[in-house]
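*Asks:* Structure incoming, see below.
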Amino acid sequence: MATVSLSFNIDSPRWDQSTFVGRLKHFLNITDPRTVLVPEEELDQAKALVEGCRAGLVPPGSSQEQLLYAKKLYDSAFHPDSGEKMNLIGRMSFQVPGGMAITGCMLQFYRTVPAVVFWQWVNQSFNAFVNYTNRNAASPISLRQIGVAYVTATGAALATAVGLNLYTKRAPPLLARWVPFAAVAAANCVNIPMMRQQEIINGITVTDENNNELGRSRRAAVKGIAQVVLSRITMAAPGMIILPIIMERLEKFTFMQRIRVLHGPLQVLLCGGFLLFMVPAACALFPQRCSLALADLEVELRDSIMAKHGDKVPYVYFNKGL
């Protein structure tokens, strides 16, 4: 069993976060769906081990592998800002099992309006949990704002899905299969900004390279949220665009027509295959610790930083959320 190096820093990224490949490896690690099966007690032990390591109190006999595994569990289950345990449904490690079931059903049951309405509602309820859980925790949001965000996003998804569903009745069958993706994309453009509206209204904390707080920026919030919206749409796109093409072709075969009852489970499994890679890939599109040039900040904040630090702070940094 390897011992812990004196230079070991549990918070130092194992992979270079300035590159897409490094971020992909990082998110493959912390979005591992197997971590959702880890008991709560073990998660709490992992948190205690990580916090002890940060304080320089490594239990005797601990190996570096044990510490890295504890950090993996910690990153998968605890919020990076607050350190609080996230609800299971909202964790990125739950995106594969949760997302594959819902997305598979959306792609399977798209022909009737009641089915479209039900599964879009289920999906937006799931998204609301995810968006709230992965917000920037330094910007609290009220229950009323959560309710408004949920209703608005669900309304946008249903309007898009039902409208396009009716519009594509006489269109080629494949277009109808793509309606769920259009609804998901539209809802993401509403749900995430609404759920994180406090960040846009009040700004989020920005720091210098050494994590020294510099102030709050609304422009940083807008940049972070825009990147999250793009990431979420990218996360859903391959499965919801490519899988309908696959199913459209498979359903022409005689054997597939004989096992119609298995079409739903098949789509769920195939969605899981797409999400297994796309969840970490989409999260890795942009750095978690996002940056913004000083020149792009609000004038007041930029002047305040320059008055205190001169030209020593060319960029500010912030957590964009997931």
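By convention here, the chains of the structure tokens are called A, B, ... in the order presented, each chain's residues are numbered starting at 1, and ligands are numbered starting at 1 in the order presented.
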Taking the backbone alone, and naming residues the way the document does, which bits of segment 11-56 of chain A are helix (DSSP H, G or I) by DSSP, as a PyMOL selection string?
*Replies:* chain A and resi 20-30+33-37+40-54
*Asks:* Which residues come within 9 Å of Arg177 of chain A, counting only C-alpha atoms, excluding same-chain residues fewer than 3 positions away, as a PDB file with C-alpha atoms, in the first residue's frame?
*Replies:*
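So around21.pdb came out as:
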```pdb
ATOM      1  CA  LEU A 107     -38.301   9.171 -27.030  1.00  0.00           C
ATOM      2  CA  GLN A 108     -40.615   6.175 -26.853  1.00  0.00           C
ATOM      3  CA  TYR A 110     -43.947  10.864 -28.284  1.00  0.00           C
ATOM      4  CA  ARG A 111     -46.968  10.080 -30.451  1.00  0.00           C
ATOM      5  CA  PRO A 173     -41.946  10.333 -38.830  1.00  0.00           C
ATOM      6  CA  LEU A 174     -38.345  11.154 -37.945  1.00  0.00           C
ATOM      7  CA  PRO A 180     -38.625  15.828 -27.401  1.00  0.00           C
ATOM      8  CA  PHE A 181     -35.128  17.212 -27.997  1.00  0.00           C
ATOM      9  CA  MET A 240     -31.994  12.504 -28.522  1.00  0.00           C
ATOM     10  CA  ILE A 241     -30.875  13.170 -32.121  1.00  0.00           C
ATOM     11  CA  PRO A 244     -34.321   8.347 -33.090  1.00  0.00           C
ATOM     12  CA  ILE A 245     -32.479   7.726 -36.375  1.00  0.00           C
ATOM     13  CA  GLU A 248     -36.413   4.605 -37.117  1.00  0.00           C
TER      14      GLU A 248
END
```
*Asks:* Using only C-alpha atoms, which residues of segment 104-168 of chain A come within 8 Å of segment 183-200 of chain A, and what is the closest atom pair for each, with the distance in Å to one decimal? Give it as a Markdown table, sorted by chain and residue number.
*Replies:*
```
| residue | atom | partner | partner_atom | distance |
| --- | --- | --- | --- | --- |
| A:Gln120 | CA | A:Ala183 | CA | 7.9 |
| A:Gln124 | CA | A:Ala187 | CA | 7.7 |
| A:Asn127 | CA | A:Asn191 | CA | 7.9 |
| A:Ala128 | CA | A:Asn191 | CA | 7.3 |
| A:Asn131 | CA | A:Ile192 | CA | 6.1 |
| A:Tyr132 | CA | A:Met195 | CA | 6.4 |
| A:Arg135 | CA | A:Arg196 | CA | 6.4 |
| A:Asn136 | CA | A:Glu199 | CA | 7.6 |
| A:Ser139 | CA | A:Glu199 | CA | 5.7 |
| A:Pro140 | CA | A:Gln198 | CA | 6.9 |
| A:Ile141 | CA | A:Gln198 | CA | 6.2 |
| A:Gln145 | CA | A:Met195 | CA | 7.2 |
| A:Ile146 | CA | A:Met195 | CA | 6.0 |
| A:Val148 | CA | A:Met194 | CA | 7.8 |
| A:Ala149 | CA | A:Met194 | CA | 4.8 |
| A:Tyr150 | CA | A:Asn191 | CA | 6.8 |
| A:Thr152 | CA | A:Val190 | CA | 7.2 |
| A:Ala153 | CA | A:Asn191 | CA | 4.6 |
| A:Thr154 | CA | A:Ala187 | CA | 6.9 |
| A:Ala156 | CA | A:Ala187 | CA | 5.6 |
| A:Ala157 | CA | A:Ala183 | CA | 4.7 |
| A:Leu158 | CA | A:Ala183 | CA | 7.1 |
| A:Thr160 | CA | A:Ala183 | CA | 5.2 |
| A:Ala161 | CA | A:Ala183 | CA | 5.1 |
```
*Asks:* Write the residues you've just listed into a file as a JSON list (two decimals), in the first residue's frame, and include N, CA, C and O atoms for each of them.
*Replies:*
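And here is the file that came out, again22.json:
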```json
[["chain", "number", "residue", "atom", "x", "y", "z"],
["A", 120, "GLN", "N", -42.73, 15.21, -20.44],
["A", 120, "GLN", "CA", -42.04, 16.50, -20.36],
["A", 120, "GLN", "C", -42.15, 17.06, -18.94],
["A", 120, "GLN", "O", -41.20, 17.67, -18.43],
["A", 124, "GLN", "N", -38.93, 17.92, -16.59],
["A", 124, "GLN", "CA", -38.69, 19.24, -16.01],
["A", 124, "GLN", "C", -38.63, 19.19, -14.48],
["A", 124, "GLN", "O", -37.90, 19.97, -13.86],
["A", 127, "ASN", "N", -35.16, 18.01, -13.92],
["A", 127, "ASN", "CA", -34.23, 19.11, -14.19],
["A", 127, "ASN", "C", -34.23, 20.15, -13.09],
["A", 127, "ASN", "O", -33.19, 20.74, -12.77],
["A", 128, "ALA", "N", -35.40, 20.41, -12.52],
["A", 128, "ALA", "CA", -35.49, 21.40, -11.45],
["A", 128, "ALA", "C", -34.64, 20.97, -10.26],
["A", 128, "ALA", "O", -33.94, 21.79, -9.65],
["A", 131, "ASN", "N", -30.89, 21.42, -11.40],
["A", 131, "ASN", "CA", -30.47, 22.82, -11.51],
["A", 131, "ASN", "C", -30.36, 23.48, -10.14],
["A", 131, "ASN", "O", -29.43, 24.25, -9.89],
["A", 132, "TYR", "N", -31.30, 23.18, -9.26],
["A", 132, "TYR", "CA", -31.24, 23.76, -7.91],
["A", 132, "TYR", "C", -30.05, 23.21, -7.15],
["A", 132, "TYR", "O", -29.32, 23.94, -6.48],
["A", 135, "ARG", "N", -26.60, 24.73, -8.44],
["A", 135, "ARG", "CA", -26.46, 26.19, -8.57],
["A", 135, "ARG", "C", -25.21, 26.65, -7.83],
["A", 135, "ARG", "O", -24.62, 25.89, -7.07],
["A", 136, "ASN", "N", -24.85, 27.92, -8.02],
["A", 136, "ASN", "CA", -23.80, 28.53, -7.21],
["A", 136, "ASN", "C", -24.40, 28.78, -5.83],
["A", 136, "ASN", "O", -25.29, 29.61, -5.67],
["A", 139, "SER", "N", -25.46, 32.11, -3.82],
["A", 139, "SER", "CA", -26.60, 32.95, -4.20],
["A", 139, "SER", "C", -27.89, 32.22, -3.84],
["A", 139, "SER", "O", -28.39, 31.42, -4.62],
["A", 140, "PRO", "N", -28.45, 32.48, -2.65],
["A", 140, "PRO", "CA", -29.67, 31.79, -2.22],
["A", 140, "PRO", "C", -30.87, 32.15, -3.09],
["A", 140, "PRO", "O", -30.94, 33.24, -3.65],
["A", 141, "ILE", "N", -31.82, 31.23, -3.20],
["A", 141, "ILE", "CA", -33.03, 31.46, -3.98],
["A", 141, "ILE", "C", -34.23, 31.08, -3.13],
["A", 141, "ILE", "O", -34.20, 30.09, -2.39],
["A", 145, "GLN", "N", -39.30, 31.85, -5.93],
["A", 145, "GLN", "CA", -38.51, 31.91, -7.16],
["A", 145, "GLN", "C", -38.31, 30.52, -7.76],
["A", 145, "GLN", "O", -38.33, 30.35, -8.98],
["A", 146, "ILE", "N", -38.14, 29.54, -6.89],
["A", 146, "ILE", "CA", -38.03, 28.15, -7.37],
["A", 146, "ILE", "C", -39.32, 27.73, -8.07],
["A", 146, "ILE", "O", -39.30, 27.13, -9.15],
["A", 148, "VAL", "N", -41.63, 29.67, -9.48],
["A", 148, "VAL", "CA", -41.78, 30.41, -10.74],
["A", 148, "VAL", "C", -40.89, 29.79, -11.82],
["A", 148, "VAL", "O", -41.31, 29.61, -12.97],
["A", 149, "ALA", "N", -39.65, 29.46, -11.45],
["A", 149, "ALA", "CA", -38.71, 28.86, -12.41],
["A", 149, "ALA", "C", -39.25, 27.51, -12.90],
["A", 149, "ALA", "O", -39.20, 27.21, -14.11],
["A", 150, "TYR", "N", -39.76, 26.71, -11.99],
["A", 150, "TYR", "CA", -40.28, 25.39, -12.33],
["A", 150, "TYR", "C", -41.48, 25.49, -13.27],
["A", 150, "TYR", "O", -41.54, 24.82, -14.31],
["A", 152, "THR", "N", -42.39, 28.07, -15.15],
["A", 152, "THR", "CA", -42.02, 28.69, -16.43],
["A", 152, "THR", "C", -41.33, 27.70, -17.35],
["A", 152, "THR", "O", -41.64, 27.60, -18.55],
["A", 153, "ALA", "N", -40.36, 26.96, -16.81],
["A", 153, "ALA", "CA", -39.63, 25.99, -17.62],
["A", 153, "ALA", "C", -40.53, 24.86, -18.10],
["A", 153, "ALA", "O", -40.46, 24.43, -19.25],
["A", 154, "THR", "N", -41.40, 24.38, -17.20],
["A", 154, "THR", "CA", -42.33, 23.32, -17.59],
["A", 154, "THR", "C", -43.27, 23.81, -18.68],
["A", 154, "THR", "O", -43.56, 23.10, -19.65],
["A", 156, "ALA", "N", -42.66, 26.18, -20.87],
["A", 156, "ALA", "CA", -41.90, 26.31, -22.12],
["A", 156, "ALA", "C", -41.71, 24.95, -22.79],
["A", 156, "ALA", "O", -41.86, 24.82, -24.02],
["A", 157, "ALA", "N", -41.41, 23.94, -21.99],
["A", 157, "ALA", "CA", -41.21, 22.59, -22.54],
["A", 157, "ALA", "C", -42.51, 22.04, -23.12],
["A", 157, "ALA", "O", -42.52, 21.47, -24.22],
["A", 158, "LEU", "N", -43.61, 22.21, -22.39],
["A", 158, "LEU", "CA", -44.88, 21.67, -22.85],
["A", 158, "LEU", "C", -45.37, 22.40, -24.10],
["A", 158, "LEU", "O", -45.88, 21.78, -25.04],
["A", 160, "THR", "N", -43.57, 23.93, -26.35],
["A", 160, "THR", "CA", -42.73, 23.51, -27.48],
["A", 160, "THR", "C", -43.08, 22.11, -27.94],
["A", 160, "THR", "O", -43.26, 21.85, -29.14],
["A", 161, "ALA", "N", -43.18, 21.19, -26.97],
["A", 161, "ALA", "CA", -43.43, 19.79, -27.31],
["A", 161, "ALA", "C", -44.81, 19.59, -27.93],
["A", 161, "ALA", "O", -44.95, 18.94, -28.97]]
```
*Asks:* Quick one, how far is atom CA of Phe118 of chain A from atom CA of Val279 of chain A?
*Replies:*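 Computed distance, atom CA of Phe118 of chain A to atom CA of Val279 of chain A, equals 24.0 Å.
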*Asks:* Can you work out the spacing between atom CA of Leu57 of chain A and atom CA of Asp81 of chain A in Å, to one decimal?
*Replies:*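 Separation between atom CA of Leu57 of chain A and atom CA of Asp81 of chain A: 22.0 Å.
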*Asks:* Tell me which of A:Trp121, A:Leu301, A:Asn165, A:Thr133 sits closest to Val151 of chain A, counting only C-alpha atoms.
*Replies:* A:Trp121
*Asks:* For the structure I just gave you, how does DSSP split segment 19-266 of chain A - specifically, which residues are strand (DSSP E or B)? Reply as a list in words.
*Replies:*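 Residues of segment 19-266 of chain A classed as strand (DSSP E or B): Phe78, Lys85, Ile204, Thr205, Val206, Thr207, Glu213, Leu214, Gly215, Arg216 and Ser217 of chain A.
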*Asks:* Given the selection you just returned, output its residues as a file containing N, CA, C and O atoms, formatted as a short mmCIF file (atom, residue, chain, number, x, y, z; two decimals), in the first residue's frame.
*Replies:*
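File produced: result-v4.cif:
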```cif
data_model
loop_
_atom_site.label_atom_id
_atom_site.label_comp_id
_atom_site.auth_asym_id
_atom_site.auth_seq_id
_atom_site.Cartn_x
_atom_site.Cartn_y
_atom_site.Cartn_z
N PHE A 78 -21.02 16.09 -2.55
CA PHE A 78 -21.06 17.32 -1.74
C PHE A 78 -20.85 18.54 -2.63
O PHE A 78 -20.05 18.51 -3.57
N LYS A 85 -24.10 18.10 1.71
CA LYS A 85 -24.44 16.92 0.91
C LYS A 85 -25.60 17.25 -0.01
O LYS A 85 -26.61 17.81 0.41
N ILE A 204 -22.34 37.03 -8.68
CA ILE A 204 -21.70 35.95 -7.93
C ILE A 204 -20.30 36.39 -7.52
O ILE A 204 -19.72 37.30 -8.12
N THR A 205 -19.79 35.74 -6.51
CA THR A 205 -18.48 36.10 -5.99
C THR A 205 -17.39 35.76 -7.00
O THR A 205 -17.35 34.65 -7.54
N VAL A 206 -16.53 36.74 -7.24
CA VAL A 206 -15.36 36.52 -8.11
C VAL A 206 -14.10 36.70 -7.26
O VAL A 206 -14.08 37.49 -6.31
N THR A 207 -13.07 35.96 -7.61
CA THR A 207 -11.82 35.99 -6.85
C THR A 207 -10.64 36.20 -7.79
O THR A 207 -10.78 36.12 -9.01
N GLU A 213 -11.23 37.04 -2.41
CA GLU A 213 -12.48 37.61 -2.91
C GLU A 213 -12.30 39.05 -3.38
O GLU A 213 -11.68 39.86 -2.70
N LEU A 214 -12.89 39.36 -4.54
CA LEU A 214 -12.75 40.70 -5.13
C LEU A 214 -14.07 41.45 -5.22
O LEU A 214 -14.08 42.68 -5.38
N GLY A 215 -15.18 40.74 -5.13
CA GLY A 215 -16.48 41.39 -5.26
C GLY A 215 -17.48 40.46 -5.90
O GLY A 215 -17.27 39.25 -6.01
N ARG A 216 -18.62 41.02 -6.36
CA ARG A 216 -19.67 40.23 -7.00
C ARG A 216 -19.93 40.78 -8.40
O ARG A 216 -19.98 42.00 -8.60
N SER A 217 -20.12 39.88 -9.35
CA SER A 217 -20.28 40.29 -10.73
C SER A 217 -21.49 39.62 -11.37
O SER A 217 -21.64 38.40 -11.33
#
```
*Asks:* Contacts of Gly224 of chain A at 8 Å or less, counting only C-alpha atoms, minus same-chain residues fewer than 6 places along, as a PyMOL selection string?
*Replies:* chain A and resi 290+319-321
*Asks:* Could you write out the selected residues, including all heavy atoms, as a PDB file, in the first residue's frame?
*Replies:*
```
ATOM      1  N   CYS A 290     -14.355  29.005 -13.785  1.00  0.00           N
ATOM      2  CA  CYS A 290     -14.447  29.836 -14.973  1.00  0.00           C
ATOM      3  C   CYS A 290     -13.699  31.152 -14.755  1.00  0.00           C
ATOM      4  O   CYS A 290     -13.520  31.601 -13.619  1.00  0.00           O
ATOM      5  CB  CYS A 290     -15.917  30.118 -15.258  1.00  0.00           C
ATOM      6  SG  CYS A 290     -16.261  30.735 -16.895  1.00  0.00           S
ATOM      7  N   ASN A 319     -16.937  30.023  -9.683  1.00  0.00           N
ATOM      8  CA  ASN A 319     -17.505  28.693  -9.930  1.00  0.00           C
ATOM      9  C   ASN A 319     -18.745  28.851 -10.781  1.00  0.00           C
ATOM     10  O   ASN A 319     -19.704  29.491 -10.380  1.00  0.00           O
ATOM     11  CB  ASN A 319     -17.846  28.029  -8.587  1.00  0.00           C
ATOM     12  CG  ASN A 319     -18.618  26.737  -8.786  1.00  0.00           C
ATOM     13  OD1 ASN A 319     -18.480  26.050  -9.788  1.00  0.00           O
ATOM     14  ND2 ASN A 319     -19.471  26.393  -7.814  1.00  0.00           N
ATOM     15  N   LYS A 320     -18.758  28.266 -11.975  1.00  0.00           N
ATOM     16  CA  LYS A 320     -19.883  28.445 -12.889  1.00  0.00           C
ATOM     17  C   LYS A 320     -21.052  27.541 -12.554  1.00  0.00           C
ATOM     18  O   LYS A 320     -22.151  27.715 -13.102  1.00  0.00           O
ATOM     19  CB  LYS A 320     -19.439  28.183 -14.338  1.00  0.00           C
ATOM     20  CG  LYS A 320     -19.143  26.729 -14.651  1.00  0.00           C
ATOM     21  CD  LYS A 320     -18.890  26.542 -16.130  1.00  0.00           C
ATOM     22  CE  LYS A 320     -18.520  25.097 -16.451  1.00  0.00           C
ATOM     23  NZ  LYS A 320     -19.601  24.146 -16.141  1.00  0.00           N
ATOM     24  N   GLY A 321     -20.881  26.573 -11.649  1.00  0.00           N
ATOM     25  CA  GLY A 321     -21.932  25.592 -11.396  1.00  0.00           C
ATOM     26  C   GLY A 321     -21.898  24.510 -12.463  1.00  0.00           C
ATOM     27  O   GLY A 321     -21.047  24.506 -13.355  1.00  0.00           O
TER      28      GLY A 321
END
```
*Asks:* Using only C-alpha atoms, which protein or nucleic acid residues come within 10 Å of Tyr167 of chain A? Drop anything in the same chain fewer than 5 positions from it, and give the result as a ChimeraX atom specification.
*Replies:* /A:161-162,175-176,179
*Asks:* One number please: atom CA of Ala282 of chain A to atom CA of Thr234 of chain A, in Å, one decimal.
*Replies:*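 Computing it gives 6.0 Å between the two atoms.
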*Asks:* Closest to Trp15 of chain A among A:Ala284, A:Val316, A:Ser231, A:Phe109, using only C-alpha atoms?
*Replies:*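 Of the candidates, the smallest distance to Trp15 of chain A is held by A:Ala284.
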*Asks:* Would you kindly return, as a list in words, each protein, DNA or RNA residue with an atom no farther than 6 Å from any atom of segment 28-35 of chain A, considering only C-alpha atoms and excluding same-chain residues fewer than 3 positions away?
*Replies:* Leu24, Lys25, Val38, Lys72, Ser76, Met92, Ser93, Phe94 and Pro280 of chain A
*Asks:* Would you mind telling me which residue in A:Leu262, A:Leu275, A:Ile102, A:Ile225 lies nearest to Gln288 of chain A when using only C-alpha atoms?
*Replies:*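 Closest residue, counting only C-alpha atoms: A:Ile225.
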*Asks:* Counting only C-alpha atoms, figure out which residue out of A:Ala293, A:Ile89, A:Ile305, A:Ala281 gets nearest to Phe27 of chain A.
*Replies:* A:Ala281
